[in-house]
>>> print(open('coords.txt').read())   # compact mmCIF, C-alpha atoms
# COMPACT_ATOMS: atom_id res chain seq x y z
CA MET A 68 -0.80 -10.20 7.41
CA ARG A 69 1.02 -10.61 4.08
CA SER A 70 -2.05 -9.23 2.29
CA LEU A 71 -2.12 -6.14 4.50
CA LYS A 72 1.59 -5.47 3.91
CA HIS A 73 1.07 -5.90 0.19
CA ILE A 74 -1.53 -3.14 0.13
CA LEU A 75 0.51 -0.89 2.42
CA ILE A 76 3.52 -1.27 0.16
CA LEU A 77 1.39 -0.50 -2.89
CA ALA A 78 0.46 2.83 -1.32
CA LEU A 79 4.09 3.84 -1.32
CA ILE A 80 4.83 2.34 -4.72
CA ILE A 81 2.22 4.68 -6.11
CA GLY A 82 3.63 7.50 -4.05
CA ALA A 83 7.34 7.17 -4.59
CA GLY A 84 8.48 4.01 -6.30
CA VAL A 85 9.45 0.80 -4.54
CA THR A 86 13.22 1.27 -4.74
CA ALA A 87 13.24 4.87 -3.56
CA TRP A 88 11.00 3.90 -0.67
CA ALA A 89 13.12 0.89 0.21
CA LEU A 90 16.20 3.10 0.43
CA THR A 91 14.58 5.45 2.95
CA PRO A 92 15.33 3.85 6.37
CA VAL A 93 12.85 5.91 8.42
CA ILE A 94 9.91 4.94 6.23
CA ARG A 95 11.12 1.37 5.74
CA ARG A 96 11.41 0.72 9.48
CA ALA A 97 7.96 2.16 10.06
CA PHE A 98 6.41 -0.52 7.86
CA LEU A 99 8.42 -3.70 7.62
CA LYS A 100 9.49 -4.64 11.13
CA GLU A 101 6.87 -6.79 12.84
CA PRO A 102 6.03 -5.56 16.35
CA GLU A 103 5.08 -7.95 19.10
CA ALA A 104 1.55 -9.22 18.68
CA LEU A 105 -1.22 -7.66 20.72
CA PRO A 106 -3.92 -9.89 22.20
CA VAL A 107 -6.74 -10.04 19.68
CA GLN A 108 -9.93 -11.94 19.21
CA ALA A 109 -10.17 -14.93 16.92
CA PRO A 110 -9.95 -13.96 13.22
CA VAL A 111 -13.19 -12.93 11.64
CA ALA A 112 -14.19 -15.04 8.66
CA GLY A 113 -14.55 -13.17 5.39
CA ASP A 114 -18.23 -14.09 5.04
CA SER A 115 -19.03 -12.33 8.35
CA TYR A 116 -19.11 -9.02 6.47
CA THR A 117 -22.36 -7.73 5.04
CA LYS A 118 -22.95 -7.51 1.31
CA GLU A 119 -22.30 -3.77 1.45
CA GLU A 120 -19.04 -4.24 3.36
CA ARG A 121 -17.80 -6.90 0.94
CA ALA A 122 -18.54 -4.46 -1.87
CA LEU A 123 -16.29 -1.89 -0.18
CA PHE A 124 -13.39 -4.36 -0.15
CA ASP A 125 -13.99 -4.93 -3.86
CA THR A 126 -13.98 -1.17 -4.45
CA LEU A 127 -10.69 -0.88 -2.57
CA GLY A 128 -9.19 -3.46 -4.90
CA SER A 129 -10.60 -1.68 -7.95
CA VAL A 130 -9.07 1.63 -6.89
CA TYR A 131 -5.59 0.12 -6.78
CA ASN A 132 -6.13 -1.93 -9.91
CA LYS A 133 -7.02 1.27 -11.74
CA VAL A 134 -3.35 2.23 -11.54
CA GLY A 135 -2.21 -1.28 -12.39
CA GLN A 136 -4.02 -1.07 -15.72
CA LEU A 137 -2.07 2.01 -16.80
CA ARG A 138 1.00 1.62 -19.02
CA THR A 139 1.91 5.30 -18.73
CA TYR A 140 1.43 7.64 -15.79
CA LEU A 141 3.07 10.27 -13.63
CA ALA A 142 2.19 10.92 -9.99
CA GLU A 143 3.47 13.78 -7.82
CA GLY A 144 2.93 14.66 -4.20
CA ASN A 145 4.50 14.13 -0.80
CA ILE A 146 4.93 11.61 2.00
CA ARG A 147 4.52 12.77 5.59
CA LEU A 148 5.65 10.65 8.54
CA MET A 149 4.84 11.70 12.10
CA ASP A 150 6.54 9.56 14.74
CA LYS A 151 5.34 10.34 18.25
CA ALA A 152 7.91 7.99 19.76
CA ASP A 153 10.75 10.03 18.24
CA THR A 154 9.80 13.41 16.80
CA GLY A 155 13.25 13.61 15.24
CA LYS A 156 12.12 10.99 12.74
CA SER A 157 9.15 13.03 11.55
CA ILE A 158 9.59 13.99 7.91
CA LEU A 159 7.81 15.57 4.96
CA THR A 160 9.29 14.41 1.65
CA PRO A 161 8.15 15.34 -1.87
CA PHE A 162 8.10 12.68 -4.55
CA ARG A 163 7.67 12.32 -8.29
CA TYR A 164 7.01 8.93 -9.85
CA CYS A 165 6.74 8.23 -13.56
CA HIS A 166 6.30 4.99 -15.48
CA GLN A 167 6.10 4.37 -19.22
CA ASP A 168 6.30 0.81 -20.57
CA SER A 169 9.83 -0.43 -19.65
CA LEU A 170 10.96 2.97 -18.33
CA THR A 171 10.63 4.18 -14.76
CA TYR A 172 11.73 7.36 -13.03
CA TYR A 173 11.21 8.35 -9.41
CA LYS A 174 12.44 11.05 -7.14
CA LEU A 175 12.06 10.99 -3.38
CA GLY A 176 13.61 13.93 -1.58
CA ASP A 177 17.20 14.31 -2.76
CA GLN A 178 17.35 10.92 -4.48
CA GLU A 179 16.54 10.10 -8.11
CA ILE A 180 16.26 6.68 -9.69
CA ILE A 181 16.09 5.93 -13.41
CA ALA A 182 15.39 2.40 -14.65
CA ILE A 183 15.67 1.63 -18.36
CA PRO A 184 16.26 -1.67 -20.19
CA ASP A 185 19.64 -3.10 -19.09
CA LEU A 186 20.49 -0.28 -16.68
CA SER A 187 19.42 1.17 -13.34
CA ILE A 188 20.86 4.42 -11.96
CA THR A 189 20.44 5.88 -8.48
CA VAL A 190 21.59 9.47 -7.97
CA ASN A 191 21.94 10.55 -4.36
CA HIS A 192 22.40 14.32 -4.33
CA SER A 193 23.02 14.54 -0.58
CA VAL A 194 26.16 12.36 -0.69
CA HIS A 195 27.14 13.21 -4.29
CA LYS A 196 27.17 9.61 -5.49
CA ILE A 197 25.78 7.85 -8.56
CA PHE A 198 25.11 4.12 -8.19
CA MET A 199 24.85 2.07 -11.38
CA SER A 200 23.71 -1.52 -11.72
CA PRO A 201 22.62 -3.85 -14.55
CA ARG A 202 18.94 -4.44 -15.08
CA GLY A 203 17.06 -6.94 -17.17
CA ASN A 204 15.24 -5.79 -20.29
CA ARG A 205 11.76 -6.01 -18.86
CA ASN A 206 8.75 -3.94 -17.95
CA ALA A 207 9.92 -1.97 -14.93
CA GLY A 208 6.60 -0.90 -13.55
CA PRO A 209 5.27 -2.36 -10.30
CA GLN A 210 2.46 -4.84 -10.67
CA ILE A 211 -0.25 -2.93 -8.84
CA PHE A 212 -2.97 -5.54 -8.80
CA ILE A 213 -4.95 -6.87 -5.85
CA ASN A 214 -6.59 -10.23 -6.45
CA GLU A 215 -9.43 -12.04 -4.70
CA GLU A 216 -7.05 -14.11 -2.56
CA GLN A 217 -5.38 -11.00 -1.16
CA LEU A 218 -8.73 -9.37 -0.44
CA ALA A 219 -9.90 -12.54 1.34
CA ALA A 220 -6.79 -12.48 3.54
CA LEU A 221 -7.32 -8.80 4.31
CA LYS A 222 -10.86 -9.54 5.48
CA LYS A 223 -9.42 -11.85 8.14
CA GLU A 224 -7.51 -8.98 9.75
CA GLN A 225 -10.61 -7.98 11.75
CA TYR A 226 -11.00 -4.52 10.28
CA VAL A 227 -14.18 -2.52 10.41
CA ILE A 228 -14.62 -1.11 6.91
CA THR A 229 -16.64 2.03 6.17
CA ARG A 230 -17.14 4.53 3.37
CA GLU A 231 -17.36 8.31 3.71
CA ASP A 232 -18.17 10.99 1.16
CA MET A 233 -15.86 13.94 1.69
CA ALA A 234 -16.46 15.89 -1.52
CA PRO A 235 -14.76 15.91 -3.91
CA LEU A 236 -13.21 12.67 -2.58
CA THR A 237 -14.55 9.32 -1.42
CA VAL A 238 -12.83 7.66 1.55
CA ILE A 239 -12.65 3.95 2.35
CA ARG A 240 -11.54 3.46 5.95
CA LEU A 241 -10.37 0.31 7.76
CA THR A 242 -9.98 0.39 11.53
CA ASN A 243 -8.90 -2.10 14.18
CA GLU A 244 -7.54 -0.54 17.39
CA ASN A 245 -6.09 -3.90 18.50
CA HIS A 246 -4.24 -4.65 15.29
CA ARG A 247 -0.60 -5.52 15.91
CA SER A 248 0.79 -3.15 13.28
CA CYS A 249 -1.74 -1.01 11.40
CA ARG A 250 -4.67 0.32 13.44
CA GLU A 251 -6.17 2.51 10.75
CA TYR A 252 -5.91 2.64 6.97
CA ARG A 253 -7.67 5.20 4.77
CA VAL A 254 -7.73 5.56 0.99
CA SER A 255 -9.18 8.73 -0.54
CA TYR A 256 -9.94 8.73 -4.26
CA ASP A 257 -11.58 11.03 -6.77
CA SER A 258 -14.46 10.51 -9.20
CA ALA A 259 -12.06 9.02 -11.79
CA MET A 260 -10.93 6.40 -9.21
CA PHE A 261 -7.46 7.92 -8.87
CA ILE A 262 -5.95 7.74 -5.38
CA ARG A 263 -5.39 11.18 -3.91
CA ARG A 264 -4.43 10.32 -0.35
CA VAL A 265 -3.47 7.28 1.71
CA PHE A 266 -3.34 7.52 5.50
CA MET A 267 -1.93 4.87 7.84
CA ARG A 268 -1.78 4.82 11.63
CA MET A 269 0.85 2.32 12.69
CA SER A 270 1.67 1.00 16.18
CA ASP A 271 5.13 1.59 17.64
CA GLU A 272 7.36 -1.41 16.98
CA GLU A 273 8.88 -1.31 20.48
CA ASP A 274 5.64 -0.81 22.40
CA PRO A 275 2.65 -1.70 20.19
CA ALA A 276 0.21 -1.56 23.10
CA ASP A 277 0.85 2.16 23.71
CA ARG A 278 -1.41 4.05 21.30
CA SER A 279 0.18 7.39 22.24
CA LEU A 280 3.28 6.25 20.31
CA ASP A 281 1.43 5.50 17.08
CA LYS A 282 3.04 6.62 13.81
CA TYR A 283 1.05 8.57 11.25
CA ILE A 284 1.94 8.16 7.58
CA THR A 285 0.20 10.15 4.86
CA VAL A 286 0.85 9.81 1.13
CA SER A 287 -0.72 12.72 -0.79
CA ILE A 288 -0.89 12.72 -4.57
CA ASN A 289 -1.45 16.20 -5.97
CA ASN A 290 -1.06 15.45 -9.65
CA TRP A 291 -1.86 12.49 -11.93
CA GLN A 292 -0.84 12.53 -15.58
CA THR A 293 -1.54 9.73 -18.08
CA ALA A 294 -0.30 11.43 -21.26
CA ASN A 295 2.47 13.78 -22.42
CA ILE A 296 5.00 12.35 -20.00
CA PRO A 297 8.27 14.37 -20.06
CA ALA A 298 10.71 12.24 -22.10
CA GLU A 299 13.72 13.90 -20.48
CA LEU A 300 12.96 12.13 -17.20
CA PHE A 301 14.28 8.88 -18.67
CA LYS A 302 17.48 10.27 -20.20
CA VAL A 303 20.58 8.63 -18.73
CA SER A 304 22.64 11.31 -20.48
CA SER A 305 21.33 13.83 -17.97
CA TYR A 306 23.44 12.14 -15.29
CA VAL A 307 26.26 10.06 -16.79
CA GLN A 308 28.13 9.62 -20.04
CA ARG A 309 30.30 6.91 -21.54
CA ASN A 310 34.08 7.19 -21.41
CA GLY A 311 35.45 4.04 -23.04
CA ASP A 312 34.36 1.09 -20.90
CA ASN A 313 33.46 3.30 -17.97
CA TRP A 314 30.80 5.79 -17.03
CA GLU A 315 31.50 9.25 -15.66
CA PRO A 316 29.22 12.01 -14.37
CA VAL A 317 28.16 14.78 -16.72
CA ALA A 318 29.68 18.22 -16.27
CA ALA A 319 26.84 19.46 -14.05
CA LEU A 320 27.55 16.56 -11.64
CA ARG A 321 31.34 16.49 -12.02
CA ASN A 322 31.97 16.29 -8.27
CA TYR A 323 29.83 13.13 -7.99
CA GLU A 324 31.40 9.68 -7.57
CA VAL A 325 30.22 6.83 -9.83
CA LYS A 326 29.98 3.45 -8.09
CA TYR A 327 29.08 0.13 -9.73
CA ILE A 328 26.81 -2.41 -8.03
CA TYR A 329 26.69 -5.92 -9.52
>>> encode(input="coords.txt", output="structure tokens")
Amino acid sequence: MRSLKHILILALIIGAGVTAWALTPVIRRAFLKEPEALPVQAPVAGDSYTKEERALFDTLGSVYNKVGQLRTYLAEGNIRLMDKADTGKSILTPFRYCHQDSLTYYKLGDQEIIAIPDLSITVNHSVHKIFMSPRGNRNAGPQIFINEEQLAALKKEQYVITREDMAPLTVIRLTNENHRSCREYRVSYDSAMFIRRVFMRMSDEEDPADRSLDKYITVSINNWQTANIPAELFKVSSYVQRNGDNWEPVAALRNYEVKYIY
């Protein structure tokens, strides 16, 4: 199950950045809380798949690892969550995610996050607050790599794996109607192996046996950019400025409160 969660989380890292996603309770609850287990058959051994099916798992890993090999990229699109158990939780949120070496920027809805060496800033425009915290001088980008061990664990989740050509995209689809959390998982990618859409159908955490309450999560990526990344995205001076030993919001955000998190 850890392998499955790893890949699900990667879908949203690519879509919106791990911190922005983690700070969105509706999306977080849809993924991380383990529902009660449904009765399932004994796990299927990895070698029970055909040669062609094993190749599809390898392709799935290669699609994600394509992003992991990039040092610079920008991805834009939206995340749609449809919750049949509570339609009030259904959302459609645009995102913008950008990574360049040790610099990361992401925007999800009304929240922006900028991570640079030694400093991380979260700007929440809905509550007019700027959260600042120290950050190590390190490469900020998520490690989007799927190794053989993770793929082997995923194969034990009893998914049926298929491939569909839906020009101009190719779709790899995993399905298991009795899975205790994710019944269906689809990755759509283009001819350059860039992910364009990720679809997940999740069981309801309170009543996983009731398929009418399944949640539908779609991450759509409309734009990929691997060069000419806007430098202004990483400018701390767009949000805060130094005033002695303290930080204060810039004039455009003067009614925002700066809070320190250590």
>>> residues_around(input="coords.txt", residues="segment 297-306 of chain A", least_positions_apart="2", cutoff="6 Å", atoms="all atoms listed in the file", output="ChimeraX atom specification")
/A:308,316-317
>>> closest_residue(input="coords.txt", among="A:Thr126, A:Thr117, A:Thr160, A:Ser193", to="Glu324 of chain A", atoms="all atoms listed in the file")
A:Ser193
>>> closest_residue(input="coords.txt", among="A:Lys156, A:Lys223, A:His166, A:Arg263", to="Val238 of chain A", atoms="all atoms listed in the file")
A:Arg263
>>> closest_residue(input="coords.txt", among="A:Ile328, A:Ile284, A:Ala318, A:Met199", to="Leu148 of chain A", atoms="all atoms listed in the file")
A:Ile284
>>> closest_residue(input="coords.txt", among="A:Ser200, A:Thr154, A:Gln167, A:Thr229", to="Tyr116 of chain A", atoms="only C-alpha atoms")
A:Thr229
>>> residues_around(input="coords.txt", residues="segment 247-258 of chain A", least_positions_apart="6", cutoff="6 Å", atoms="all atoms listed in the file", output="ChimeraX atom specification")
/A:104-105,236-241,264-270
>>> residues_around(input="coords.txt", residues="Leu218 of chain A", least_positions_apart="4", cutoff="8 Å", atoms="all atoms listed in the file", output="list of chain:residue names")
A:Ser70, A:Phe124, A:Asp125, A:Gly128, A:Ile213, A:Asn214, A:Lys222
>>> atom_distance(input="coords.txt", atom1="atom CA of Tyr226 of chain A", atom2="atom CA of Ser115 of chain A")
11.4 Å
>>> residues_around(input="coords.txt", residues="Cys165 of chain A", least_positions_apart="3", cutoff="6 Å", atoms="all atoms listed in the file", output="MDAnalysis selection string")
chainID A and resid 140:141 171:172
>>> residues_near_point(input="coords.txt", point="(20.1, 8.2, -12.6)", cutoff="6 Å", atoms="all atoms listed in the file", output="number ranges by chain")
A: 180-181, 188-190, 306
>>> closest_residue(input="coords.txt", among="A:Gly176, A:Gly135, A:Pro184, A:Pro235", to="Arg147 of chain A", atoms="all atoms listed in the file")
A:Gly176
>>> residues_around(input="coords.txt", residues="Pro161 of chain A", least_positions_apart="6", cutoff="12 Å", atoms="only C-alpha atoms", output="JSON, numbers by chain")
{"A": [82, 83, 87, 88, 142, 143, 144, 145, 146, 147, 148, 173, 174, 175, 176, 177, 178, 179, 285, 286, 287, 288, 289]}
>>> axis_aligned_box(input="coords.txt", around="segment 187-193 of chain A", padding_each_side="4 Å", output="JSON")
{"center_x": 21.2, "center_y": 7.9, "center_z": -7.0, "size_x": 11.6, "size_y": 21.4, "size_z": 20.8}
